[in-house]
Amino acid sequence: MIVIKRILLSFLLLFFCSVIAQTPNTIIEHFENYVEAPREVAYVHLNKSSYIKGEMMGFTAYIFDKSTKATSQLTTNLYCTITDENNTPIKEALIRVDEGIASNVFNIDSSFTSGRYTFKAYTNWMRNFKEPNHFEASFRVIQANDSTIQTKLNGSSDIDLQVLGEGGHILYNVNNTIGIIAKNKFGYGVKGASGTIRDEKDNIITEFKLNEVGLAKALFNPKPSANYKAVLDIDGQLTVKSIENIKLTGINMSMAPLSEKVNILFSTNERSIKQLANKTFKIAHHNGVEIYIVEFKLNSEGKALVSFPKESLFKGINIFTVLDEKNRPTLERLLFNKNGIKHHKASSVESLKDKDSLRVKIEFNLNDKVEWSNLSVSTLPTGTKSYDHNSSLLSQLYIRPYINGYLENGQDYFKDNNRITAYNLDLLMLTQGWSSYSWGNIFNTDKTVLKYPFENGIDITAKINKNQSGTYVLYPFENDNTQLFDVPEGKDAFQLKSNFPMEDDFLRVSYIGPGEKNSYKAPKLYLTFSPNIFPSFDLSYNSLAKVYLKETQNISAVKIPEAWKKVEQLEEVIVKSKKNKSRAETLKNNVVNSRIAILNDNVANLRIDLYIQRLGFITNYNYFTGGLTITNPRVNWGNPVPAVYLDDVLVGGYGQNATFDILTTLTTKDVDYIEYELYGIGGGINGGAGFIKIYTIPRDNNKGANKSLSTYLVPLRFSSNKSFYTPKYTNFDNQFFEDYAAIDWHPNLKLDDSGAVFLTIDNSRTDDITLFIEGVINEDEYISQKIELNKY
């Protein structure tokens with residue numbers, strides 16, 4: 001249960017505005033019910049925003065607890081999709097998340113043609129909520145044989161010009177703060193254009209100038225006797241928008257963030273004073289987790305001033321909603337508070353050329369010791385046009401989930417802490433209107449309905465025949481251990497929780513009946529899997545599409561080998577060889593002190609402990625209890641028990657109390673080969689009595705085991721972690737390389753104890769290199785920075 005603090009904030013009311021101390025329980029209770037279930041937020045760092053067909057898309061996903069802003073320690077299942085402009089799926093992958101981090105690649109292969117695509121990442125749990133907590137971003141694919149490439153549009157045609165009152169209302173006969181928004185038809189802001197507010201006689205009432213993302217504000221006191229319009233001038237081309245929906249009665253609001261406090265001035269006009277004189281309004285101040293309620297009334301002059309001390313603000317987003325006496329939301333204003341956000345920047349950068357690579361050291365001044373970290377770094381030419389993202393880790397975590405409108409150049413709001421950045425950030429908050437936390441949803445939800453469960457791997461339920469009680473052996477997936485289930489008579493099912501089958505995995509099961517010793521059978525099971533399908537995710541937010549105009553640069557001669565195939569054309573060579581090495585020879589050449597025993601079809605079908613005796617160990621099988629012990633007769637003193645591994649997973653434990661009962665379910669038909677060592681060389685601290693490493697037959701090639709083994713296809717599996725490969729470019733000195741090349745990608749870098757990170761960059765034959773860094777330190781400290789190496 002989330003604790004909602006029901007306290008009255010200290011505030012200052014001027015003009016004899018009366019104070020009401022009672023907190024309305026109904027608003028608190030509805031809000032508490034709505035936000036009771038925890039939320040997650042996803043951010044994905046894509047190595048580029050424009051790709052040439054044949055490249056790889058590298059990505060690192062960060063999953064956070066929305067309340068604490070720390071990396072999630074619970075999430076394991078992340079769904080990643082790529083769709084085209086018609087929302088048709090092109091790629092899908094289930095990615096395993098560990099400690100809030102996951103990374104992988106998508107191949108920009110023959111599935112893609114030139115065009116715009118959308119990358120989306122979400123968890124099943126996110127589907128329960130209506131706020132935009134998932135991640136989505138637009139990117140561009142260009143085919144190398146296209147005659148032209150394209151670049152982002154910033155034109156002046158088809159402009160969407162809006163004028164909004166602060167908080168949502170413009171009121172006649174009072175001073176209003178208005179926000180102006182100018183976007184082109186693709187959602188991008190019109191940069192730097194000037195404009196005016198005019199009456200019907202074309203008299204200029206006020207002037208404004210748009211910032212980098214097409215936002216501005218101005219003061220406006222409209223009169224009922226006049227009509228008004230906004231006029232925007234873009235290189236001599238005028239865009240005109242009538243200002244409508246100005247209200248005759250009601251209240252408006254104007255927020256003024258000051259150094260020590262935040263003032264909110266509420267005003268009404270003379271026509272509304274008598275109507276609103278005795279009415280009580282409420283300010284619900286919340287951040288999606290906690291809520292405070294303040295009540296106020298207008299004074300005889302129709303004004304009220306409420307002040308919130310800066311220390312009472314939430315870290316990050318603050319949502320102020322004004323509700324009337326019937327708890328109807330009438331005004332809403334967002335405010336952003338950077339205090340408390342731990343954003344670190346590099347204190348020093350060193351780089352050193354070393355033959356075919358560049359070694360880089362980046363240091364950060366941190367207050368605390370580094371206990372845990374993950375950084376992802378995209379390395380691109382400094383003049384690149386292929387890194388044009390509209391979000392960063394910080395903007396995705398602290399802004400995107402709370403707003404409904406577009407977020408353009410979200411990373412710019414965290415670059416600096418100067419006055420201009422603070423002004424632009426508050427301008428973004430002013431022009432957002434209503435937040436993503438809809439009061440309609442809050443008031444109409446008694447309890448949050450959690451239709452979609454939280455997922456942790458794949459759960460498997462096996463329903464068995466009534467005559468098949470006994471012991472079931474489930475052989476390991478790539479990243480899991482062998483599991484053993486004793487099913488007593490009368491029980492008809494057993495369950496496997498939190499499994500992580502990879503894309504090449506199959507589920508393999510053997511069965512032995514009660515009282516039977518070596519009679520292994522292929523069981524007949526009815527299996528159900530949860531989850532068993534790739535879930536769709538219909539919620540989308542206003543992510544900006546990558547928009548391009550034709551350019552004259554021709555790239556038809558550019559050849560980009562498919563990076564994932566690591567193809568390189570060579571001169572003709574003649575390879576001479578005496579003979580092909582046998583599989584046994586290949587395996588033996590990969591070990592140093594140990595031996596290899598391959599179990600081929602000529603080996604009799606024995607219980608595996610009997611075969612281990614042939615290797616020189618002593619095994620003792622208890623026919624009454626099913627227990628198995630293994631010792632090494634060459635050990636004259638100390639622990640005689642070898643370390644035993646099954647598919648690289650330690651079984652039985654260490655020392656003289658170790659038991660290896662699980663091995664009694666294996667026969668030689670289940671085993672591919674055994675690596676073993678008899679004299680304690682190379683076995684580590686726990687391998688003084690030697691070791692035995694048993695490797696079962698590959699999942700899709702179980703020779704002769706069909707009579708004692710059932711194999712099942714898992715319908716939904718995790719994508720294997722693939723390596724990122726940089727394309728081999730034919731030319732490093734042309735404009736194409738500068739604009740669109742990928743130099744390197746590091747998805748999972750770690751800081752050392754002193755706060756330094758080291759990376760090696762492949763030689764790109766250019767000194768103009770830029771690093772785009774995103775990352776998390778100690779779960780709730782962040783790095784989001786662009787570093788140009790040629791400046792150091």
# chains A, B, ... in the order shown; residues from 1 in each chain; ligands from 1
$ residues_around --residues "Asn620 (chain A)" --least-positions-apart "2" --cutoff "7 Å" --atoms "only C-alpha atoms" --output "PDB file with all heavy atoms, in the first residue's frame"
ATOM      1  N   ILE A 618      35.151 -44.207  -8.366  1.00  0.00           N
ATOM      2  CA  ILE A 618      34.352 -45.196  -7.648  1.00  0.00           C
ATOM      3  C   ILE A 618      32.973 -44.601  -7.401  1.00  0.00           C
ATOM      4  O   ILE A 618      32.848 -43.504  -6.850  1.00  0.00           O
ATOM      5  CB  ILE A 618      35.005 -45.594  -6.307  1.00  0.00           C
ATOM      6  CG1 ILE A 618      36.344 -46.276  -6.560  1.00  0.00           C
ATOM      7  CG2 ILE A 618      34.081 -46.483  -5.496  1.00  0.00           C
ATOM      8  CD1 ILE A 618      37.104 -46.597  -5.282  1.00  0.00           C
ATOM      9  N   ASN A 622      22.882 -46.625  -4.053  1.00  0.00           N
ATOM     10  CA  ASN A 622      22.032 -47.283  -3.067  1.00  0.00           C
ATOM     11  C   ASN A 622      20.691 -47.608  -3.722  1.00  0.00           C
ATOM     12  O   ASN A 622      19.900 -46.722  -4.005  1.00  0.00           O
ATOM     13  CB  ASN A 622      21.831 -46.361  -1.862  1.00  0.00           C
ATOM     14  CG  ASN A 622      21.127 -47.060  -0.715  1.00  0.00           C
ATOM     15  OD1 ASN A 622      20.185 -47.806  -0.922  1.00  0.00           O
ATOM     16  ND2 ASN A 622      21.599 -46.796   0.502  1.00  0.00           N
ATOM     17  N   LEU A 628      23.426 -41.670  -4.623  1.00  0.00           N
ATOM     18  CA  LEU A 628      24.655 -41.964  -5.369  1.00  0.00           C
ATOM     19  C   LEU A 628      25.789 -41.134  -4.801  1.00  0.00           C
ATOM     20  O   LEU A 628      25.648 -39.930  -4.596  1.00  0.00           O
ATOM     21  CB  LEU A 628      24.468 -41.647  -6.850  1.00  0.00           C
ATOM     22  CG  LEU A 628      25.723 -41.754  -7.741  1.00  0.00           C
ATOM     23  CD1 LEU A 628      26.190 -43.202  -7.834  1.00  0.00           C
ATOM     24  CD2 LEU A 628      25.455 -41.181  -9.126  1.00  0.00           C
ATOM     25  N   THR A 629      26.930 -41.773  -4.543  1.00  0.00           N
ATOM     26  CA  THR A 629      28.145 -41.070  -4.151  1.00  0.00           C
ATOM     27  C   THR A 629      29.239 -41.390  -5.150  1.00  0.00           C
ATOM     28  O   THR A 629      29.234 -42.454  -5.784  1.00  0.00           O
ATOM     29  CB  THR A 629      28.602 -41.466  -2.739  1.00  0.00           C
ATOM     30  OG1 THR A 629      28.882 -42.870  -2.709  1.00  0.00           O
ATOM     31  CG2 THR A 629      27.527 -41.129  -1.705  1.00  0.00           C
ATOM     32  N   ILE A 630      30.195 -40.456  -5.283  1.00  0.00           N
ATOM     33  CA  ILE A 630      31.321 -40.639  -6.206  1.00  0.00           C
ATOM     34  C   ILE A 630      32.593 -40.225  -5.474  1.00  0.00           C
ATOM     35  O   ILE A 630      32.630 -39.174  -4.831  1.00  0.00           O
ATOM     36  CB  ILE A 630      31.159 -39.788  -7.474  1.00  0.00           C
ATOM     37  CG1 ILE A 630      29.837 -40.092  -8.184  1.00  0.00           C
ATOM     38  CG2 ILE A 630      32.333 -40.003  -8.439  1.00  0.00           C
ATOM     39  CD1 ILE A 630      29.553 -39.175  -9.370  1.00  0.00           C
TER      40      ILE A 630
END
$ select_by_dssp --residues "region 117-295 of chain A" --states "helix (DSSP H, G or I)" --output "list in words"
Trp125, Met126, Arg127, Asn128, Glu166, Gly167, Gly168, Glu270, Arg271, Ser272, Ile273, Lys274, Gln275 and Leu276 of chain A
$ atom_distance --atom1 "CA of Asn593 (chain A)" --atom2 "CA of Tyr676 (chain A)"
9.1 Å
$ atom_distance --atom1 "CA of Gly250 (chain A)" --atom2 "CA of Gly433 (chain A)"
17.2 Å
$ closest_residue --among "A:Val449, A:Ala741, A:Ala689, A:Leu789" --to "Tyr34 (chain A)" --atoms "only C-alpha atoms"
A:Val449
$ residues_around --residues "region 767-780 of chain A" --least-positions-apart "4" --cutoff "7 Å" --atoms "only C-alpha atoms" --output "list in words"
Lys69, Ala70, Thr71, Val370, Glu371, Trp372, Ser373, Asn374, Leu375, Ser376, Val377, Ser378, Thr379, Leu380, Pro381, Thr382, Leu393, Ser784, Gln785, Lys786, Ile787, Glu788, Leu789 and Asn790 of chain A
$ write_last_selection --atoms "N, CA and C atoms" --output "CSV table (one decimal), in the first residue's frame"
chain,number,residue,atom,x,y,z
A,69,LYS,N,12.6,5.6,-9.0
A,69,LYS,CA,13.5,5.9,-10.1
A,69,LYS,C,14.8,5.0,-10.1
A,70,ALA,N,14.8,4.0,-9.3
A,70,ALA,CA,15.9,3.0,-9.3
A,70,ALA,C,15.6,1.9,-10.3
A,71,THR,N,16.7,1.3,-10.8
A,71,THR,CA,16.6,0.2,-11.7
A,71,THR,C,15.7,-1.0,-11.1
A,370,VAL,N,31.3,3.4,-6.1
A,370,VAL,CA,30.5,2.7,-7.2
A,370,VAL,C,30.3,1.2,-6.8
A,371,GLU,N,29.1,0.9,-6.5
A,371,GLU,CA,28.7,-0.5,-6.1
A,371,GLU,C,28.2,-1.2,-7.3
A,372,TRP,N,27.6,-0.5,-8.3
A,372,TRP,CA,27.0,-1.1,-9.4
A,372,TRP,C,26.8,-0.1,-10.5
A,373,SER,N,27.0,-0.5,-11.8
A,373,SER,CA,26.8,0.5,-12.8
A,373,SER,C,26.6,-0.2,-14.2
A,374,ASN,N,26.0,0.5,-15.1
A,374,ASN,CA,26.0,0.1,-16.5
A,374,ASN,C,25.9,1.3,-17.4
A,375,LEU,N,26.8,1.4,-18.3
A,375,LEU,CA,26.8,2.5,-19.3
A,375,LEU,C,26.8,1.9,-20.7
A,376,SER,N,26.0,2.5,-21.6
A,376,SER,CA,26.0,2.2,-23.0
A,376,SER,C,26.5,3.4,-23.8
A,377,VAL,N,27.4,3.1,-24.7
A,377,VAL,CA,28.1,4.2,-25.4
A,377,VAL,C,28.0,3.9,-26.9
A,378,SER,N,27.5,4.9,-27.7
A,378,SER,CA,27.5,4.9,-29.1
A,378,SER,C,28.6,5.8,-29.6
A,379,THR,N,29.4,5.3,-30.5
A,379,THR,CA,30.5,6.0,-31.0
A,379,THR,C,30.3,6.3,-32.5
A,380,LEU,N,30.2,7.6,-32.8
A,380,LEU,CA,29.9,8.0,-34.2
A,380,LEU,C,30.8,9.1,-34.6
A,381,PRO,N,30.9,9.4,-35.9
A,381,PRO,CA,31.6,10.6,-36.4
A,381,PRO,C,31.0,11.9,-35.8
A,382,THR,N,31.8,12.9,-35.5
A,382,THR,CA,31.3,14.1,-34.9
A,382,THR,C,30.2,14.8,-35.7
A,393,LEU,N,17.9,9.1,-21.4
A,393,LEU,CA,17.5,8.3,-20.3
A,393,LEU,C,16.8,9.2,-19.3
A,784,SER,N,24.1,11.0,-18.7
A,784,SER,CA,23.5,11.2,-20.0
A,784,SER,C,24.3,12.4,-20.6
A,785,GLN,N,25.2,12.0,-21.5
A,785,GLN,CA,26.1,13.1,-22.0
A,785,GLN,C,26.6,12.8,-23.4
A,786,LYS,N,26.9,13.8,-24.1
A,786,LYS,CA,27.6,13.8,-25.4
A,786,LYS,C,29.0,14.3,-25.2
A,787,ILE,N,30.0,13.5,-25.6
A,787,ILE,CA,31.4,13.9,-25.5
A,787,ILE,C,32.1,13.9,-26.9
A,788,GLU,N,32.6,15.0,-27.3
A,788,GLU,CA,33.4,15.1,-28.5
A,788,GLU,C,34.9,14.9,-28.2
A,789,LEU,N,35.4,13.8,-28.6
A,789,LEU,CA,36.8,13.5,-28.3
A,789,LEU,C,37.8,14.5,-28.8
A,790,ASN,N,37.5,15.1,-30.0
A,790,ASN,CA,38.5,16.0,-30.6
A,790,ASN,C,38.6,17.3,-29.8
$ residues_around --residues "Ser720 (chain A)" --least-positions-apart "4" --cutoff "10 Å" --atoms "only C-alpha atoms" --output "list in words"
Ala93, Leu94, Ile95, Arg96, Asn104, Val105, Glu478, Pro501, Met502, Glu503 and Asp504 of chain A
$ write_last_selection --atoms "N, CA, C and O atoms" --output "mmCIF file, in the first residue's frame"
data_model
loop_
_atom_site.group_PDB
_atom_site.id
_atom_site.type_symbol
_atom_site.label_atom_id
_atom_site.label_comp_id
_atom_site.auth_asym_id
_atom_site.auth_seq_id
_atom_site.Cartn_x
_atom_site.Cartn_y
_atom_site.Cartn_z
ATOM 1 N N ALA A 93 11.249 -9.613 -30.460
ATOM 2 C CA ALA A 93 12.211 -10.340 -29.625
ATOM 3 C C ALA A 93 11.808 -10.219 -28.166
ATOM 4 O O ALA A 93 11.459 -9.127 -27.701
ATOM 5 N N LEU A 94 11.853 -11.343 -27.458
ATOM 6 C CA LEU A 94 11.701 -11.358 -26.010
ATOM 7 C C LEU A 94 13.102 -11.332 -25.421
ATOM 8 O O LEU A 94 13.906 -12.229 -25.668
ATOM 9 N N ILE A 95 13.415 -10.289 -24.645
ATOM 10 C CA ILE A 95 14.756 -10.061 -24.130
ATOM 11 C C ILE A 95 14.753 -10.271 -22.623
ATOM 12 O O ILE A 95 13.860 -9.801 -21.917
ATOM 13 N N ARG A 96 15.771 -10.971 -22.125
ATOM 14 C CA ARG A 96 15.876 -11.188 -20.684
ATOM 15 C C ARG A 96 16.543 -9.986 -20.021
ATOM 16 O O ARG A 96 17.597 -9.518 -20.451
ATOM 17 N N ASN A 104 20.921 -6.170 -26.659
ATOM 18 C CA ASN A 104 20.928 -7.116 -27.762
ATOM 19 C C ASN A 104 21.054 -6.334 -29.059
ATOM 20 O O ASN A 104 21.349 -5.126 -29.035
ATOM 21 N N VAL A 105 20.814 -6.993 -30.181
ATOM 22 C CA VAL A 105 20.879 -6.335 -31.485
ATOM 23 C C VAL A 105 19.714 -6.815 -32.346
ATOM 24 O O VAL A 105 19.164 -7.895 -32.139
ATOM 25 N N GLU A 478 19.514 -23.639 -21.796
ATOM 26 C CA GLU A 478 20.854 -23.056 -21.900
ATOM 27 C C GLU A 478 21.259 -22.309 -20.628
ATOM 28 O O GLU A 478 22.405 -22.373 -20.202
ATOM 29 N N PRO A 501 14.056 -20.340 -21.373
ATOM 30 C CA PRO A 501 14.476 -21.011 -22.607
ATOM 31 C C PRO A 501 14.927 -20.002 -23.649
ATOM 32 O O PRO A 501 14.266 -18.986 -23.870
ATOM 33 N N MET A 502 16.072 -20.277 -24.260
ATOM 34 C CA MET A 502 16.577 -19.410 -25.312
ATOM 35 C C MET A 502 16.045 -19.887 -26.655
ATOM 36 O O MET A 502 15.426 -20.949 -26.765
ATOM 37 N N GLU A 503 16.313 -19.125 -27.701
ATOM 38 C CA GLU A 503 15.651 -19.373 -28.982
ATOM 39 C C GLU A 503 15.986 -20.720 -29.602
ATOM 40 O O GLU A 503 15.206 -21.233 -30.407
ATOM 41 N N ASP A 504 17.096 -21.354 -29.208
ATOM 42 C CA ASP A 504 17.443 -22.671 -29.739
ATOM 43 C C ASP A 504 17.086 -23.805 -28.783
ATOM 44 O O ASP A 504 17.413 -24.966 -29.051
#
$ residues_around --residues "Phe617 (chain A)" --least-positions-apart "5" --cutoff "7 Å" --atoms "only C-alpha atoms" --output "PyMOL selection string"
chain A and resi 612+630-633
$ atom_distance --atom1 "CA of Leu219 (chain A)" --atom2 "CA of Gln275 (chain A)"
25.4 Å
$ residues_around --residues "Ser438 (chain A)" --least-positions-apart "2" --cutoff "12 Å" --atoms "only C-alpha atoms" --output "list in words"
His30, Phe31, Tyr34, Val35, Phe129, Lys130, Glu131, Pro132, Gly288, Ile319, Thr321, Arg328, Pro329, Glu332, Tyr402, Ile403, Asn404, Gly433, Trp434, Ser435, Ser436, Gly440, Asn441, Ile442, Phe443, Asn444 and Thr445 of chain A
$ select_by_dssp --residues "region 359-419 of chain A" --states "strand (DSSP E or B)" --output "list of chain:residue names"
A:Arg359, A:Val360, A:Lys361, A:Ile362, A:Glu363, A:Phe364, A:Ser373, A:Asn374, A:Leu375, A:Ser376, A:Val377, A:Ser378, A:Thr379, A:Leu380, A:Pro381
$ residues_around --residues "Phe414 (chain A)" --least-positions-apart "4" --cutoff "9 Å" --atoms "only C-alpha atoms" --output "PDB file with N, CA and C atoms, in the first residue's frame"
ATOM      1  N   LYS A 338      14.369  19.992 -10.601  1.00  0.00           N
ATOM      2  CA  LYS A 338      15.600  19.220 -10.826  1.00  0.00           C
ATOM      3  C   LYS A 338      16.339  18.878  -9.539  1.00  0.00           C
ATOM      4  N   HIS A 343      22.573  13.641 -11.502  1.00  0.00           N
ATOM      5  CA  HIS A 343      23.035  13.595 -12.889  1.00  0.00           C
ATOM      6  C   HIS A 343      24.523  13.931 -12.915  1.00  0.00           C
ATOM      7  N   LEU A 394      17.319  10.404 -19.025  1.00  0.00           N
ATOM      8  CA  LEU A 394      16.707  11.277 -18.029  1.00  0.00           C
ATOM      9  C   LEU A 394      15.337  11.781 -18.466  1.00  0.00           C
ATOM     10  N   SER A 395      15.206  12.189 -19.718  1.00  0.00           N
ATOM     11  CA  SER A 395      13.908  12.700 -20.168  1.00  0.00           C
ATOM     12  C   SER A 395      12.873  11.586 -20.243  1.00  0.00           C
ATOM     13  N   GLY A 410      14.370  16.001 -25.913  1.00  0.00           N
ATOM     14  CA  GLY A 410      14.230  15.863 -24.468  1.00  0.00           C
ATOM     15  C   GLY A 410      15.553  15.921 -23.730  1.00  0.00           C
ATOM     16  N   THR A 421      18.015  27.081 -19.940  1.00  0.00           N
ATOM     17  CA  THR A 421      17.487  25.715 -19.880  1.00  0.00           C
ATOM     18  C   THR A 421      16.291  25.645 -18.940  1.00  0.00           C
ATOM     19  N   SER A 784      24.086  10.964 -18.679  1.00  0.00           N
ATOM     20  CA  SER A 784      23.494  11.198 -19.995  1.00  0.00           C
ATOM     21  C   SER A 784      24.262  12.362 -20.602  1.00  0.00           C
TER      22      SER A 784
END
$ closest_residue --among "A:Val714, A:Ile283, A:Ile205, A:Leu46" --to "Phe106 (chain A)" --atoms "only C-alpha atoms"
A:Leu46
